[in-house]
$ cat target_15.pdb   # PDB, C-alpha atoms, pLDDT in the B column
ATOM      1  CA  MET A 851      84.696  33.411 -22.721  1.00 45.00           C
ATOM      2  CA  ALA A 852      84.315  35.820 -19.883  1.00 49.00           C
ATOM      3  CA  VAL A 853      82.253  38.033 -22.134  1.00 52.00           C
ATOM      4  CA  LYS A 854      80.021  35.136 -23.038  1.00 55.00           C
ATOM      5  CA  ASP A 855      79.444  34.215 -19.374  1.00 55.00           C
ATOM      6  CA  ARG A 856      78.835  37.790 -18.519  1.00 57.00           C
ATOM      7  CA  ASP A 857      76.365  38.082 -21.403  1.00 66.00           C
ATOM      8  CA  ARG A 858      74.564  34.958 -20.178  1.00 64.00           C
ATOM      9  CA  PHE A 859      73.852  36.555 -16.809  1.00 67.00           C
ATOM     10  CA  SER A 860      72.784  39.897 -18.193  1.00 78.00           C
ATOM     11  CA  THR A 861      69.244  41.065 -17.707  1.00 81.00           C
ATOM     12  CA  ALA A 862      68.590  41.504 -21.400  1.00 79.00           C
ATOM     13  CA  THR A 863      69.650  37.949 -22.154  1.00 81.00           C
ATOM     14  CA  ARG A 864      67.496  36.550 -19.394  1.00 81.00           C
ATOM     15  CA  ILE A 865      64.475  38.547 -20.573  1.00 85.00           C
ATOM     16  CA  ARG A 866      65.019  37.370 -24.142  1.00 83.00           C
ATOM     17  CA  LEU A 867      65.212  33.745 -23.000  1.00 83.00           C
ATOM     18  CA  LEU A 868      62.076  34.151 -20.914  1.00 84.00           C
ATOM     19  CA  GLY A 869      60.279  35.656 -23.920  1.00 86.00           C
ATOM     20  CA  GLU A 870      61.318  32.753 -26.142  1.00 86.00           C
ATOM     21  CA  GLN A 871      60.146  30.190 -23.571  1.00 86.00           C
ATOM     22  CA  THR A 872      56.816  31.988 -23.152  1.00 86.00           C
ATOM     23  CA  ALA A 873      56.339  32.195 -26.912  1.00 83.00           C
ATOM     24  CA  ALA A 874      57.013  28.452 -27.207  1.00 83.00           C
ATOM     25  CA  ARG A 875      54.415  27.720 -24.514  1.00 83.00           C
ATOM     26  CA  VAL A 876      51.823  29.948 -26.162  1.00 80.00           C
ATOM     27  CA  TYR A 877      52.464  28.317 -29.530  1.00 80.00           C
ATOM     28  CA  ARG A 878      52.076  24.847 -28.012  1.00 78.00           C
ATOM     29  CA  SER A 879      48.799  25.792 -26.258  1.00 71.00           C
ATOM     30  CA  GLN A 880      47.412  27.311 -29.459  1.00 70.00           C
ATOM     31  CA  THR A 881      48.136  24.158 -31.436  1.00 67.00           C
ATOM     32  CA  LYS A 882      46.443  22.079 -28.729  1.00 63.00           C
ATOM     33  CA  ARG A 883      43.353  24.328 -28.869  1.00 61.00           C
ATOM     34  CA  GLN A 884      43.223  24.042 -32.608  1.00 60.00           C
ATOM     35  CA  ALA A 885      43.463  20.256 -32.343  1.00 54.00           C
ATOM     36  CA  ARG A 886      40.597  20.221 -29.831  1.00 55.00           C
ATOM     37  CA  ARG A 887      38.443  22.485 -31.969  1.00 56.00           C
ATOM     38  CA  SER A 888      38.908  20.352 -35.011  1.00 58.00           C
ATOM     39  CA  ARG A 889      37.485  17.271 -33.212  1.00 67.00           C
ATOM     40  CA  LEU A 890      33.992  18.774 -32.777  1.00 74.00           C
ATOM     41  CA  THR A 891      32.653  19.965 -36.090  1.00 82.00           C
ATOM     42  CA  GLY A 892      29.438  21.823 -36.774  1.00 84.00           C
ATOM     43  CA  ARG A 893      27.880  18.655 -38.175  1.00 88.00           C
ATOM     44  CA  ALA A 894      28.661  16.711 -35.011  1.00 87.00           C
ATOM     45  CA  ALA A 895      27.155  19.445 -32.862  1.00 88.00           C
ATOM     46  CA  LEU A 896      24.009  19.488 -35.016  1.00 91.00           C
ATOM     47  CA  LEU A 897      23.754  15.702 -34.819  1.00 92.00           C
ATOM     48  CA  ALA A 898      24.100  15.819 -31.008  1.00 91.00           C
ATOM     49  CA  LEU A 899      21.382  18.478 -30.861  1.00 92.00           C
ATOM     50  CA  VAL A 900      19.038  16.393 -33.034  1.00 94.00           C
ATOM     51  CA  VAL A 901      19.644  13.261 -30.928  1.00 94.00           C
ATOM     52  CA  CYS A 902      18.972  15.139 -27.683  1.00 93.00           C
ATOM     53  CA  THR A 903      15.797  16.625 -29.161  1.00 94.00           C
ATOM     54  CA  MET A 904      14.587  13.180 -30.236  1.00 93.00           C
ATOM     55  CA  VAL A 905      15.265  11.723 -26.792  1.00 92.00           C
ATOM     56  CA  VAL A 906      13.346  14.527 -25.091  1.00 91.00           C
ATOM     57  CA  ALA A 907      10.491  14.310 -27.607  1.00 92.00           C
ATOM     58  CA  LEU A 908      10.127  10.535 -27.258  1.00 91.00           C
ATOM     59  CA  ALA A 909      10.541  10.254 -23.483  1.00 92.00           C
ATOM     60  CA  TYR A 910       6.897  11.032 -22.603  1.00 93.00           C
ATOM     61  CA  PRO A 911       5.276   8.779 -25.249  1.00 92.00           C
ATOM     62  CA  ILE A 912       7.549   5.893 -24.291  1.00 94.00           C
ATOM     63  CA  ARG A 913       6.678   6.345 -20.629  1.00 94.00           C
ATOM     64  CA  GLN A 914       2.978   6.359 -21.538  1.00 95.00           C
ATOM     65  CA  TYR A 915       3.430   3.237 -23.643  1.00 95.00           C
ATOM     66  CA  VAL A 916       5.133   1.368 -20.801  1.00 94.00           C
ATOM     67  CA  SER A 917       2.490   2.404 -18.255  1.00 95.00           C
ATOM     68  CA  GLN A 918      -0.327   1.408 -20.619  1.00 96.00           C
ATOM     69  CA  ARG A 919       1.273  -1.994 -21.215  1.00 96.00           C
ATOM     70  CA  ALA A 920       1.440  -2.521 -17.445  1.00 96.00           C
ATOM     71  CA  GLU A 921      -2.209  -1.484 -17.127  1.00 97.00           C
ATOM     72  CA  ILE A 922      -3.197  -3.907 -19.898  1.00 97.00           C
ATOM     73  CA  ALA A 923      -1.349  -6.719 -18.123  1.00 96.00           C
ATOM     74  CA  ASP A 924      -3.203  -5.886 -14.871  1.00 97.00           C
ATOM     75  CA  MET A 925      -6.546  -5.903 -16.676  1.00 97.00           C
ATOM     76  CA  GLN A 926      -5.777  -9.277 -18.242  1.00 97.00           C
ATOM     77  CA  ARG A 927      -4.948 -10.692 -14.806  1.00 97.00           C
ATOM     78  CA  GLU A 928      -8.219  -9.313 -13.444  1.00 97.00           C
ATOM     79  CA  LYS A 929     -10.077 -10.806 -16.397  1.00 97.00           C
ATOM     80  CA  GLU A 930      -8.540 -14.222 -15.727  1.00 97.00           C
ATOM     81  CA  ASP A 931      -9.454 -13.968 -12.026  1.00 97.00           C
ATOM     82  CA  ALA A 932     -13.016 -12.973 -12.893  1.00 97.00           C
ATOM     83  CA  ALA A 933     -13.303 -15.875 -15.355  1.00 97.00           C
ATOM     84  CA  GLN A 934     -12.067 -18.248 -12.657  1.00 97.00           C
ATOM     85  CA  ARG A 935     -14.597 -16.823 -10.160  1.00 97.00           C
ATOM     86  CA  VAL A 936     -17.417 -17.208 -12.733  1.00 97.00           C
ATOM     87  CA  GLU A 937     -16.395 -20.833 -13.239  1.00 97.00           C
ATOM     88  CA  GLN A 938     -16.492 -21.452  -9.478  1.00 96.00           C
ATOM     89  CA  LEU A 939     -19.939 -19.866  -9.229  1.00 96.00           C
ATOM     90  CA  ARG A 940     -21.176 -22.029 -12.113  1.00 96.00           C
ATOM     91  CA  ASP A 941     -19.940 -25.103 -10.238  1.00 95.00           C
ATOM     92  CA  VAL A 942     -21.786 -23.984  -7.086  1.00 94.00           C
ATOM     93  CA  LYS A 943     -24.949 -23.315  -9.108  1.00 95.00           C
ATOM     94  CA  ALA A 944     -24.714 -26.744 -10.732  1.00 95.00           C
ATOM     95  CA  ARG A 945     -24.348 -28.350  -7.291  1.00 94.00           C
ATOM     96  CA  TRP A 946     -27.441 -26.537  -6.003  1.00 93.00           C
ATOM     97  CA  GLN A 947     -29.416 -27.829  -9.010  1.00 94.00           C
ATOM     98  CA  ASP A 948     -28.927 -31.340  -7.645  1.00 94.00           C
ATOM     99  CA  ASP A 949     -31.765 -32.174  -5.224  1.00 93.00           C
ATOM    100  CA  ALA A 950     -29.591 -34.437  -3.074  1.00 93.00           C
ATOM    101  CA  TYR A 951     -27.025 -31.660  -2.486  1.00 94.00           C
ATOM    102  CA  ALA A 952     -29.757 -29.116  -1.701  1.00 92.00           C
ATOM    103  CA  GLU A 953     -31.351 -31.528   0.780  1.00 91.00           C
ATOM    104  CA  GLN A 954     -27.992 -32.196   2.419  1.00 91.00           C
ATOM    105  CA  GLN A 955     -27.304 -28.458   2.809  1.00 90.00           C
ATOM    106  CA  ILE A 956     -30.777 -27.784   4.187  1.00 88.00           C
ATOM    107  CA  ARG A 957     -30.361 -30.494   6.789  1.00 87.00           C
ATOM    108  CA  LEU A 958     -26.865 -29.301   7.684  1.00 86.00           C
ATOM    109  CA  ARG A 959     -27.507 -25.561   7.851  1.00 85.00           C
ATOM    110  CA  LEU A 960     -31.111 -25.337   9.032  1.00 86.00           C
ATOM    111  CA  HIS A 961     -31.207 -28.510  11.151  1.00 84.00           C
ATOM    112  CA  TYR A 962     -34.246 -29.867   9.292  1.00 87.00           C
ATOM    113  CA  VAL A 963     -35.290 -33.511   9.585  1.00 87.00           C
ATOM    114  CA  MET A 964     -37.474 -35.543   7.265  1.00 87.00           C
ATOM    115  CA  PRO A 965     -40.947 -36.593   8.440  1.00 90.00           C
ATOM    116  CA  GLY A 966     -40.691 -39.661  10.626  1.00 91.00           C
ATOM    117  CA  GLU A 967     -37.079 -38.959  11.664  1.00 89.00           C
ATOM    118  CA  THR A 968     -36.052 -37.850  15.134  1.00 88.00           C
ATOM    119  CA  GLY A 969     -33.643 -34.956  15.349  1.00 84.00           C
ATOM    120  CA  TYR A 970     -30.887 -35.020  17.928  1.00 82.00           C
ATOM    121  CA  ILE A 971     -28.506 -32.277  18.954  1.00 78.00           C
ATOM    122  CA  VAL A 972     -25.386 -33.467  20.725  1.00 78.00           C
ATOM    123  CA  ILE A 973     -24.135 -30.951  23.229  1.00 76.00           C
ATOM    124  CA  ASP A 974     -20.483 -30.854  24.060  1.00 76.00           C
ATOM    125  CA  PRO A 975     -20.047 -30.480  27.854  1.00 74.00           C
ATOM    126  CA  ASP A 976     -17.321 -27.874  27.337  1.00 74.00           C
ATOM    127  CA  ALA A 977     -19.502 -25.943  24.901  1.00 62.00           C
ATOM    128  CA  ALA A 978     -22.372 -25.802  27.414  1.00 58.00           C
ATOM    129  CA  LYS A 979     -20.115 -23.846  29.779  1.00 64.00           C
ATOM    130  CA  GLN A 980     -19.706 -21.070  27.217  1.00 62.00           C
ATOM    131  CA  SER A 981     -22.331 -18.395  27.119  1.00 58.00           C
ATOM    132  CA  ARG A 982     -24.454 -17.708  24.061  1.00 55.00           C
ATOM    133  CA  ALA A 983     -22.682 -14.411  23.487  1.00 53.00           C
ATOM    134  CA  ALA A 984     -19.258 -16.061  23.522  1.00 58.00           C
ATOM    135  CA  LEU A 985     -20.197 -18.192  20.534  1.00 55.00           C
ATOM    136  CA  GLY A 986     -19.587 -16.608  17.154  1.00 62.00           C
ATOM    137  CA  ALA A 987     -22.522 -15.930  14.836  1.00 62.00           C
ATOM    138  CA  ALA A 988     -21.376 -18.696  12.478  1.00 67.00           C
ATOM    139  CA  ASP A 989     -21.199 -21.259  15.301  1.00 73.00           C
ATOM    140  CA  ARG A 990     -24.857 -20.872  16.299  1.00 78.00           C
ATOM    141  CA  PRO A 991     -28.061 -21.778  14.448  1.00 83.00           C
ATOM    142  CA  TRP A 992     -29.681 -19.049  12.375  1.00 83.00           C
ATOM    143  CA  TYR A 993     -32.666 -18.615  14.668  1.00 85.00           C
ATOM    144  CA  ALA A 994     -30.368 -17.897  17.625  1.00 85.00           C
ATOM    145  CA  ASN A 995     -28.751 -15.101  15.643  1.00 83.00           C
ATOM    146  CA  ILE A 996     -32.144 -13.611  14.839  1.00 85.00           C
ATOM    147  CA  TRP A 997     -33.252 -13.780  18.473  1.00 86.00           C
ATOM    148  CA  ASP A 998     -30.004 -12.097  19.613  1.00 84.00           C
ATOM    149  CA  GLY A 999     -30.661  -9.337  17.112  1.00 81.00           C
ATOM    150  CA  VAL A1000     -34.124  -8.793  18.560  1.00 84.00           C
ATOM    151  CA  ASP A1001     -32.701  -8.768  22.112  1.00 83.00           C
ATOM    152  CA  LYS A1002     -30.047  -6.214  21.171  1.00 82.00           C
ATOM    153  CA  ALA A1003     -32.556  -3.984  19.450  1.00 79.00           C
ATOM    154  CA  ASP A1004     -34.845  -4.162  22.490  1.00 75.00           C
ATOM    155  CA  ALA A1005     -31.968  -3.470  24.885  1.00 73.00           C
ATOM    156  CA  SER A1006     -30.930  -0.339  23.002  1.00 64.00           C
ATOM    157  CA  ARG A1007     -34.406   1.186  23.429  1.00 60.00           C
ATOM    158  CA  GLN A1008     -34.400   0.844  27.209  1.00 57.00           C
TER     159      GLN A1008
END
$ encode --input "target_15.pdb" --output "structure tokens"
Amino acid sequence: MAVKDRDRFSTATRIRLLGEQTAARVYRSQTKRQARRSRLTGRAALLALVVCTMVVALAYPIRQYVSQRAEIADMQREKEDAAQRVEQLRDVKARWQDDAYAEQQIRLRLHYVMPGETGYIVIDPDAAKQSRAALGAADRPWYANIWDGVDKADASRQ
């Protein structure tokens, strides 16, 4: 038994045991590599390459298709808005074809009166305090706007 114990602690025995353990590890790692290699075959790699090529080849046309569909949707919205605007303008035109509406607008906008009528302009006391320039162009009669334009043109020459 003493020889056996002494043999167990000898350098040669320890080196042999280390060699066996290393060989077992190498064998295990080689079998793992072989198992990993067998999962990915040449056919699978070719299929992956074809799929990647198809994705790259179709990416630009699909992007163009999506952007063109969005552009078509925008154009349809614009078309609907334009059709709505045309309908509004037709309504306005139809209103102006009516003589009563035209007369009403002429009286309202141009301050015209029919022969035999007396025209009155009611002045608000607070409005009289404001100067002509403080009033907006839409708040004044059209002839006042024209006269202000003439005054401004004359003032710029002096």
$ atom_distance --input "target_15.pdb" --atom1 "atom CA of Ala932 of chain A" --atom2 "atom CA of Gln955 of chain A"
26.3 Å
$ atom_distance --input "target_15.pdb" --atom1 "atom CA of Gln880 of chain A" --atom2 "atom CA of Leu896 of chain A"
25.3 Å
$ closest_residue --input "target_15.pdb" --among "A:Lys943, A:Arg866, A:His961, A:Lys929" --to "Arg990 of chain A" --atoms "only C-alpha atoms"
A:His961
$ atom_distance --input "target_15.pdb" --atom1 "atom CA of Gly969 of chain A" --atom2 "atom CA of Ile956 of chain A"
13.6 Å
$ residues_around --input "target_15.pdb" --residues "Leu960 of chain A" --least-positions-apart "2" --cutoff "10 Å" --atoms "only C-alpha atoms" --output "list in words"
Gln955, Ile956, Arg957, Leu958, Tyr962, Val963, Pro991, Trp992 and Tyr993 of chain A
$ axis_aligned_box --input "target_15.pdb" --around "segment 990-1008 of chain A" --padding-each-side "4 Å" --output "lines of an AutoDock Vina configuration file"
center_x = -29.9
center_y = -10.3
center_z = 19.8
size_x = 18.0
size_y = 31.0
size_z = 22.8
